[in-house]
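File shown: protein31.csv. Contents: CSV, C-alpha atoms.
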```
chain,number,residue,atom,x,y,z
J,254,MET,CA,28.3,-12.3,-14.7
J,255,SER,CA,26.2,-13.3,-11.7
J,256,GLY,CA,22.7,-11.8,-11.8
J,257,SER,CA,20.6,-10.5,-9.0
J,258,LEU,CA,17.0,-9.4,-8.3
J,259,ILE,CA,16.1,-6.7,-5.8
J,260,ILE,CA,12.4,-5.8,-5.0
J,261,ALA,CA,12.5,-2.3,-3.7
J,262,GLY,CA,10.0,0.2,-2.2
J,263,LEU,CA,10.0,3.7,-3.5
J,264,GLY,CA,8.0,5.0,-0.5
J,265,PRO,CA,4.8,7.2,-0.7
J,266,GLY,CA,6.0,9.8,-3.2
J,267,ALA,CA,8.7,12.2,-2.1
J,268,ALA,CA,12.3,11.4,-3.1
J,269,GLN,CA,13.6,12.1,0.4
J,270,LEU,CA,11.5,9.2,1.7
J,271,ILE,CA,13.3,6.7,-0.5
J,272,THR,CA,15.8,4.8,1.7
J,273,PRO,CA,19.6,5.1,1.0
J,274,GLU,CA,19.6,1.3,0.6
J,275,VAL,CA,17.1,1.5,-2.2
J,276,THR,CA,18.9,4.5,-3.8
J,277,ALA,CA,22.1,2.5,-3.9
J,278,ALA,CA,20.3,-0.5,-5.5
J,279,LEU,CA,18.8,1.8,-8.2
J,280,ASN,CA,22.2,3.3,-8.9
J,281,GLU,CA,23.7,-0.2,-9.6
J,282,ALA,CA,20.8,-1.7,-11.6
J,283,THR,CA,21.0,-2.6,-15.2
J,284,ASP,CA,17.3,-3.1,-15.6
J,285,LEU,CA,14.3,-1.4,-13.9
J,286,ILE,CA,10.9,-3.2,-13.9
J,287,GLY,CA,7.6,-2.0,-12.6
J,288,TYR,CA,4.2,-0.4,-13.1
J,289,ALA,CA,5.0,2.4,-15.6
J,290,PRO,CA,4.2,5.4,-13.3
J,291,TYR,CA,6.5,3.9,-10.6
J,292,VAL,CA,9.3,3.3,-13.1
J,293,ALA,CA,8.9,7.0,-14.2
J,294,ARG,CA,9.7,8.1,-10.7
J,295,VAL,CA,13.3,6.8,-11.2
J,296,THR,CA,15.7,9.2,-13.0
J,297,GLU,CA,16.9,7.9,-16.4
J,298,ARG,CA,20.6,7.3,-16.8
J,299,ASP,CA,23.1,5.6,-19.1
J,300,GLY,CA,23.3,1.8,-18.6
J,301,LEU,CA,19.8,1.5,-17.2
J,302,THR,CA,17.1,-0.2,-19.3
J,303,ARG,CA,13.5,0.7,-18.1
J,304,HIS,CA,10.7,-1.8,-18.5
J,305,GLY,CA,7.3,-0.2,-17.6
J,306,SER,CA,4.1,-2.2,-17.8
J,307,ASP,CA,0.4,-2.1,-16.9
J,308,ASN,CA,-0.8,-2.3,-13.3
J,309,ARG,CA,-2.5,-5.7,-13.8
J,310,GLU,CA,0.6,-7.6,-15.1
J,311,GLU,CA,2.2,-8.4,-11.8
J,312,LEU,CA,3.1,-12.1,-12.5
J,313,ASP,CA,4.3,-11.4,-16.1
J,314,ARG,CA,6.4,-8.6,-14.7
J,315,ALA,CA,7.8,-10.8,-12.0
J,316,SER,CA,8.7,-13.6,-14.5
J,317,HIS,CA,10.3,-11.1,-16.8
J,318,ALA,CA,12.5,-9.8,-13.9
J,319,LEU,CA,13.5,-13.4,-13.0
J,320,ARG,CA,14.4,-14.2,-16.6
J,321,LEU,CA,16.6,-11.2,-16.8
J,322,ALA,CA,18.3,-11.9,-13.5
J,323,ALA,CA,18.9,-15.5,-14.7
J,324,GLN,CA,20.7,-14.0,-17.7
J,325,GLY,CA,23.1,-12.2,-15.4
J,326,ARG,CA,21.4,-8.8,-15.2
J,327,ARG,CA,21.2,-6.7,-12.0
J,328,VAL,CA,17.4,-6.2,-11.9
J,329,VAL,CA,15.4,-3.9,-9.6
J,330,VAL,CA,11.6,-4.4,-9.4
J,331,VAL,CA,10.0,-1.2,-8.0
J,332,SER,CA,6.8,-0.7,-6.1
J,333,SER,CA,5.4,2.4,-4.4
J,334,GLY,CA,5.4,2.3,-0.6
J,335,ASP,CA,6.7,-1.0,0.7
J,336,PRO,CA,7.1,-3.8,-1.8
J,337,GLY,CA,5.8,-6.4,0.7
J,338,VAL,CA,2.5,-4.6,1.3
J,339,PHE,CA,0.0,-5.5,-1.5
J,340,ALA,CA,2.9,-5.1,-4.0
J,341,MET,CA,5.5,-6.8,-6.0
J,342,ALA,CA,7.4,-8.9,-3.4
J,343,ALA,CA,4.7,-11.4,-3.1
J,344,ALA,CA,4.3,-11.6,-6.9
J,345,VAL,CA,8.0,-12.3,-7.4
J,346,PHE,CA,8.0,-15.1,-4.9
J,347,GLU,CA,4.8,-16.5,-6.4
J,348,ALA,CA,6.5,-16.6,-9.7
J,349,VAL,CA,9.6,-18.3,-8.1
J,350,ASP,CA,7.4,-20.9,-6.5
J,351,ALA,CA,5.6,-21.8,-9.7
J,352,GLY,CA,8.4,-21.2,-12.2
J,353,ASP,CA,11.7,-22.5,-13.4
J,354,PRO,CA,13.4,-24.4,-10.5
J,355,SER,CA,16.7,-22.6,-11.2
J,356,TRP,CA,15.1,-19.3,-10.1
J,357,ARG,CA,15.1,-20.5,-6.5
J,358,GLU,CA,18.9,-20.2,-6.5
J,359,LEU,CA,19.0,-16.6,-7.7
J,360,ASP,CA,20.2,-13.8,-5.4
J,361,ILE,CA,16.8,-12.2,-4.5
J,362,GLN,CA,16.5,-9.4,-1.9
J,363,VAL,CA,13.6,-7.3,-0.7
J,364,LEU,CA,14.4,-3.8,0.3
J,365,PRO,CA,11.7,-2.2,2.5
J,366,GLY,CA,10.0,1.2,1.9
J,367,ILE,CA,7.7,3.5,3.7
J,368,SER,CA,4.2,2.2,3.3
J,369,ALA,CA,1.3,4.6,2.7
J,370,MET,CA,-0.3,3.8,6.1
J,371,PHE,CA,2.9,4.7,8.0
J,372,ALA,CA,3.4,7.9,6.0
J,373,ALA,CA,-0.2,8.9,6.5
J,374,ALA,CA,-0.2,8.1,10.2
J,375,ALA,CA,3.0,10.2,10.7
J,376,ARG,CA,1.3,13.2,9.1
J,377,ILE,CA,-1.7,13.1,11.4
J,378,GLY,CA,-0.3,11.9,14.7
J,379,ALA,CA,-0.3,8.3,15.8
J,380,PRO,CA,-3.6,6.6,14.8
J,381,LEU,CA,-1.7,3.2,14.6
J,382,GLY,CA,-0.5,3.5,18.2
J,383,HIS,CA,-2.4,0.3,19.1
J,384,ASP,CA,-3.4,-2.8,17.2
J,385,PHE,CA,-4.2,-2.3,13.5
J,386,CYS,CA,-4.6,-4.1,10.3
J,387,ALA,CA,-4.5,-3.3,6.5
J,388,ILE,CA,-7.2,-4.5,4.1
J,389,ASN,CA,-7.0,-4.2,0.3
J,390,LEU,CA,-10.4,-3.3,-1.0
J,391,SER,CA,-9.6,-4.5,-4.5
J,392,ASP,CA,-11.5,-7.7,-5.4
J,393,ASN,CA,-9.3,-8.4,-8.4
J,394,LEU,CA,-7.6,-11.3,-6.6
J,395,LYS,CA,-10.1,-12.3,-4.0
J,396,PRO,CA,-13.9,-12.4,-3.7
J,397,TRP,CA,-15.7,-9.4,-2.4
J,398,ASP,CA,-17.6,-11.4,0.3
J,399,LEU,CA,-14.2,-12.2,1.8
J,400,VAL,CA,-13.4,-8.5,1.9
J,401,GLU,CA,-16.7,-7.8,3.7
J,402,ARG,CA,-16.1,-10.6,6.2
J,403,ARG,CA,-12.6,-9.3,7.1
J,404,LEU,CA,-13.9,-5.7,7.5
J,405,ARG,CA,-16.6,-6.8,9.9
J,406,LEU,CA,-14.2,-9.0,11.9
J,407,ALA,CA,-11.6,-6.3,12.1
J,408,ALA,CA,-14.1,-3.7,13.3
J,409,GLN,CA,-15.5,-6.1,15.8
J,410,ALA,CA,-12.1,-6.9,17.1
J,411,GLY,CA,-11.2,-3.2,17.7
J,412,PHE,CA,-8.5,-2.8,15.1
J,413,VAL,CA,-7.7,0.5,13.4
J,414,ILE,CA,-8.1,-0.4,9.7
J,415,ALA,CA,-6.0,1.0,6.9
J,416,LEU,CA,-7.9,0.6,3.6
J,417,TYR,CA,-5.6,0.2,0.5
J,418,ASN,CA,-6.9,0.6,-3.1
J,419,PRO,CA,-10.2,2.1,-2.0
J,420,LEU,CA,-11.7,2.6,-5.4
J,421,SER,CA,-10.9,3.0,-9.1
J,422,LYS,CA,-12.8,3.7,-12.4
J,423,ALA,CA,-13.4,-0.1,-12.6
J,424,ARG,CA,-14.4,-0.4,-8.9
J,425,PRO,CA,-16.3,2.8,-8.1
J,426,TRP,CA,-18.7,1.3,-5.5
J,427,GLN,CA,-16.6,-0.7,-3.1
J,428,LEU,CA,-15.5,2.0,-0.7
J,429,GLY,CA,-19.0,3.2,-0.3
J,430,ARG,CA,-20.2,-0.3,0.5
J,431,ALA,CA,-17.2,-0.7,3.0
J,432,LEU,CA,-18.1,2.5,4.8
J,433,ASP,CA,-21.8,1.5,5.0
J,434,LEU,CA,-20.8,-1.9,6.5
J,435,LEU,CA,-18.4,-0.3,9.0
J,436,ARG,CA,-21.2,2.1,10.1
J,437,GLU,CA,-23.1,-1.1,11.1
J,438,GLU,CA,-20.3,-2.2,13.4
J,439,LEU,CA,-18.8,1.1,14.8
J,440,PRO,CA,-20.1,4.3,16.4
J,441,GLY,CA,-20.6,7.2,14.0
J,442,GLN,CA,-18.1,9.4,15.9
J,443,VAL,CA,-15.2,7.1,15.1
J,444,PRO,CA,-12.6,9.2,13.1
J,445,VAL,CA,-12.0,8.4,9.4
J,446,ILE,CA,-8.8,9.8,7.9
J,447,PHE,CA,-8.6,10.4,4.1
J,448,ALA,CA,-4.9,10.8,3.2
J,449,SER,CA,-4.3,11.6,-0.5
J,450,ALA,CA,-1.0,11.9,-2.3
J,451,ILE,CA,1.1,11.8,0.8
J,452,SER,CA,4.4,13.6,0.6
J,453,ASP,CA,3.9,15.3,-2.8
J,454,ALA,CA,2.6,18.7,-3.8
J,455,ARG,CA,-1.0,17.5,-4.0
J,456,GLU,CA,-1.1,16.1,-0.5
J,457,ALA,CA,-4.4,16.4,1.3
J,458,ILE,CA,-5.5,15.0,4.6
J,459,ASP,CA,-9.0,15.2,6.1
J,460,THR,CA,-10.5,13.7,9.2
J,461,VAL,CA,-14.2,13.2,9.5
J,462,PRO,CA,-16.6,11.2,11.7
J,463,LEU,CA,-17.5,7.8,10.2
J,464,ALA,CA,-21.1,9.0,10.1
J,465,GLU,CA,-20.1,11.7,7.6
J,466,ALA,CA,-17.5,9.8,5.6
J,467,ILE,CA,-18.3,9.6,1.8
J,468,ALA,CA,-16.5,7.6,-0.8
J,469,GLU,CA,-16.3,10.5,-3.2
J,470,ARG,CA,-13.5,12.0,-1.1
J,471,ALA,CA,-11.1,9.2,-2.2
J,472,ASP,CA,-9.3,8.1,-5.3
J,473,MET,CA,-6.6,5.4,-6.0
J,474,ARG,CA,-4.0,7.7,-4.4
J,475,THR,CA,-5.9,7.8,-1.2
J,476,LEU,CA,-5.2,5.8,2.0
J,477,VAL,CA,-8.4,5.6,4.1
J,478,MET,CA,-7.9,4.9,7.8
J,479,ILE,CA,-10.8,3.9,10.0
J,480,GLY,CA,-10.2,4.5,13.7
J,481,SER,CA,-11.2,2.2,16.5
J,482,THR,CA,-13.5,3.1,19.3
J,483,GLN,CA,-10.4,4.0,21.3
J,484,THR,CA,-9.0,6.5,18.7
J,485,LYS,CA,-9.0,10.1,19.8
J,486,LEU,CA,-8.7,13.6,18.3
J,487,ILE,CA,-6.8,16.5,19.9
J,488,ALA,CA,-8.4,19.7,18.6
J,489,ARG,CA,-6.0,22.6,17.7
J,490,ALA,CA,-7.0,26.2,17.2
J,491,ASN,CA,-4.6,26.8,14.3
J,492,GLY,CA,-4.3,23.5,12.5
J,493,LYS,CA,-5.8,20.1,11.8
J,494,PRO,CA,-6.4,17.9,14.8
J,495,PHE,CA,-3.9,15.3,15.9
J,496,VAL,CA,-5.3,11.8,15.8
J,497,TYR,CA,-4.0,9.0,18.0
J,498,THR,CA,-4.9,5.7,19.4
J,499,PRO,CA,-3.7,5.1,23.0
J,500,ARG,CA,-1.2,2.3,23.5
J,501,SER,CA,-3.3,0.7,26.2
J,502,VAL,CA,-7.0,-0.2,26.5
J,503,GLY,CA,-9.2,-1.1,29.5
J,504,ALA,CA,-9.2,-4.6,30.9
J,505,ALA,CA,-11.4,-7.0,28.9
J,506,THR,CA,-14.7,-7.8,30.5
```

Show this structure as structure tokens.
Amino acid sequence: MSGSLIIAGLGPGAAQLITPEVTAALNEATDLIGYAPYVARVTERDGLTRHGSDNREELDRASHALRLAAQGRRVVVVSSGDPGVFAMAAAVFEAVDAGDPSWRELDIQVLPGISAMFAAAARIGAPLGHDFCAINLSDNLKPWDLVERRLRLAAQAGFVIALYNPLSKARPWQLGRALDLLREELPGQVPVIFASAISDAREAIDTVPLAEAIAERADMRTLVMIGSTQTKLIARANGKPFVYTPRSVGAAT
């Protein structure tokens, strides 16, 4: 039997936001691999072996998936959101690059999902309507001084900034430091969006000025989006404001 490996995105949370392509792959898989809470999002069924693991075991998880695929299994590695955004697609290809040469000949596909920044942006309006970037605040795989440098440069360049993995029990201080740094580079009225648990029953979205943004509003299920100086709010009497960034900016001077 010829094996295969699919790296699939489960989207931000709601089942209806999983693409039909990913659903079909899950239905055909013999083995499901991923961070245990993401594996738990997939319904159990006969013929499917589930392999949940800890969040910091990406390369071991990727190598396990590749070994199973090499044995002829139909393997699906799952990530939340999009697997190519701070997730398992890069880990799998890193394992391929450093691992058994035969793994390079495996049938490997990446199936996209809806990333948190796109799901959050859709809920609030169009904050990503102009140039934007995504920065992972975790310093598990890169030094913190590099994170700070990228934050400053992105703010100076006028990007809307989506902050992934803003804090955790092991990293409780970094979002606060990032917000302080951004206040040094941006006006206090720039909107900050805290979007938590997008698309599930605990969803909560708040928009506050940068001057009033506090790290305690976020957790690991929160996507924090920092507007640019061009980002605007449209007030509404009976609901949360719309937030958008115009598609054009004034001519450079």

Next item on the list: Write out as a list in words each polymer residue whose atoms come within 8 Å of J:Ile271, counting all atoms listed in the file; drop sequence neighbours fewer than 4 positions from it.
Entry: Gly262, Leu263, Gly264, Ala267, Val275, Thr276, Gly366 and Ile367 of chain J

Next item on the list: Please provide as a ChimeraX atom specification all residues within 12 Å of stretch 360-364 of chain J, with the sequence filter that same-chain residues fewer than 2 positions apart are discarded (counting all atoms listed in the file).
Entry: /J:255-264,271-279,315,318-319,322-323,325-338,340-346,349,355-358,366-367

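From atom CA of J:Glu311 back to atom CA of J:Ala289, the distance works out to 11.8 Å.
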
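For the point (0.7, 1.4, 24.4), the residues with at least one atom inside 7 Å, counting only C-alpha atoms, are J:Gly382, J:His383, J:Pro499, J:Arg500, J:Ser501.
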
Checklist line | Nearest-residue call for J:Asp398, choices J:Ile286, J:Ala448, J:Leu312, J:Ala431, using all atoms listed in the file | finding: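 Closest to J:Asp398 of all the choices is J:Ala431.
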
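The smallest atom-to-atom distance between J:Ile414 and any of J:Pro365, J:Gly503, J:Gly480, J:Pro440, using only C-alpha atoms, is found for J:Gly480.
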
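Contact shell of J:Ala488 at 12 Å (all atoms listed in the file; same-chain neighbours under 5 positions omitted): Ile377, Gly378, Thr460, Lys493, Pro494, Phe495, Val496 and Tyr497 of chain J.
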
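Here the question is which of J:Ile487, J:Met473, J:Leu406, J:Leu394 gets nearest to J:Ala369 using only C-alpha atoms, and that residue is J:Met473.
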
Next item on the list: Find the spatial neighbours of J:Ser481, counting only C-alpha atoms, within a cut-off of 6 Å - ignore same-chain residues fewer than 5 positions away - and output them as a PyMOL selection string.
Entry: chain J and resi 411-413

Item checked: Shortest interatomic distance to J:Leu432 - which of J:Leu359, J:Leu381, J:Ile467, J:Ala410, counting all atoms listed in the file ->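 Of J:Leu359, J:Leu381, J:Ile467, J:Ala410, the one nearest J:Leu432 is J:Ile467, counting all atoms listed in the file.
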
Notebook entry, point to check: What is the distance, in Å and to one decimal place, between atom CA of J:Tyr291 and atom CA of J:Pro354?
Noted result: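 Rounded to one decimal, the two atoms are 29.1 Å apart.
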